[in-house]
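Notes to accompany the following structure.
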Amino acid sequence: MGPSDESFYEIKARVISVLANPKRLQIIELLGKAERTVSELAAELAIAQATTSQHLAIMRKSGVVETRKDGNFVYYRIADPKIAEACAVMSRAIVDMLVSQQERLRPVLAVAQKHGGGH
């Protein structure tokens, strides 16, 4: 692995670490649908506007989101739609994984309940 490979993986890890936050993942999901202002995002996330701004600043610094100014409003959007697509693919993979785990556990739970381990 050459120096350029390491640099690429460092950048990739930095972007993924920015996304490794539940609120930022929600922001990606919301911005994947439409651009929004800080106040719109804060209302939808049910968190303070200052906290939302901090998340967006981190995301902007890493290049995940971009801004557009329109009068007094600053609108945020995802810098590249593939970021939202990748997060959506990951969400689907997690749902599939959880369903699979649930299906594997169902017989074990049935046995446990049969032997008095139920409520």
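Following the order of the structure tokens, chains are lettered A, B, ..., residues in each are numbered from 1, and ligands are numbered from 1.
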Long-range neighbours of stretch 8-18 of chain A as a VMD selection string, 12 Å cut-off, only C-alpha atoms, 4 positions minimum in chain
chain A and resid 1 to 4 22 to 25 27 to 28 54 to 65 83 86 to 87
Within chain A, find each residue whose DSSP state, derived from the backbone, is strand (DSSP E or B), and express the selection as a count of residues only.
14
Using only C-alpha atoms, which residues sit within 12 Å of A:Met90 once same-chain residues fewer than 6 positions away are excluded, as a list in words?
Leu19, Leu25, Glu29, Ile83, Ala84, Asp96 and Met97 of chain A
Next, dump the selected residues to file, keeping only C-alpha atoms, as a JSON list (two decimals), in the first residue's frame.
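Final output, out_24.json:
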[["chain", "number", "residue", "atom", "x", "y", "z"],
["A", 19, "LEU", "CA", -21.04, 10.56, 9.86],
["A", 25, "LEU", "CA", -27.04, 10.62, 10.12],
["A", 29, "GLU", "CA", -31.37, 11.62, 5.68],
["A", 83, "ILE", "CA", -23.28, 10.25, 0.38],
["A", 84, "ALA", "CA", -27.02, 10.04, 1.05],
["A", 96, "ASP", "CA", -31.84, -6.78, 6.89],
["A", 97, "MET", "CA", -29.29, -7.72, 9.55]]
Pairwise distance for atom CA of A:Thr37 and atom CA of A:Gly71, rounded to one decimal in Å
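Between atom CA of A:Thr37 and atom CA of A:Gly71 the gap is 12.1 Å.
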Two-atom distance - atom CA of A:Ser39, atom CA of A:Thr51 (Å):
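Interatomic distance, atom CA of A:Ser39 to atom CA of A:Thr51: 10.7 Å.
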Which polymer residues have any atom within 9 Å of an atom of A:Ala34, counting only C-alpha atoms, with same-chain residues fewer than 2 positions away left out, as a ChimeraX atom specification?
/A:30-32,36,76-78
Enter the distance from atom CA of A:Glu66 to atom CA of A:Ala79, in Å, rounded to one decimal.
5.3 Å
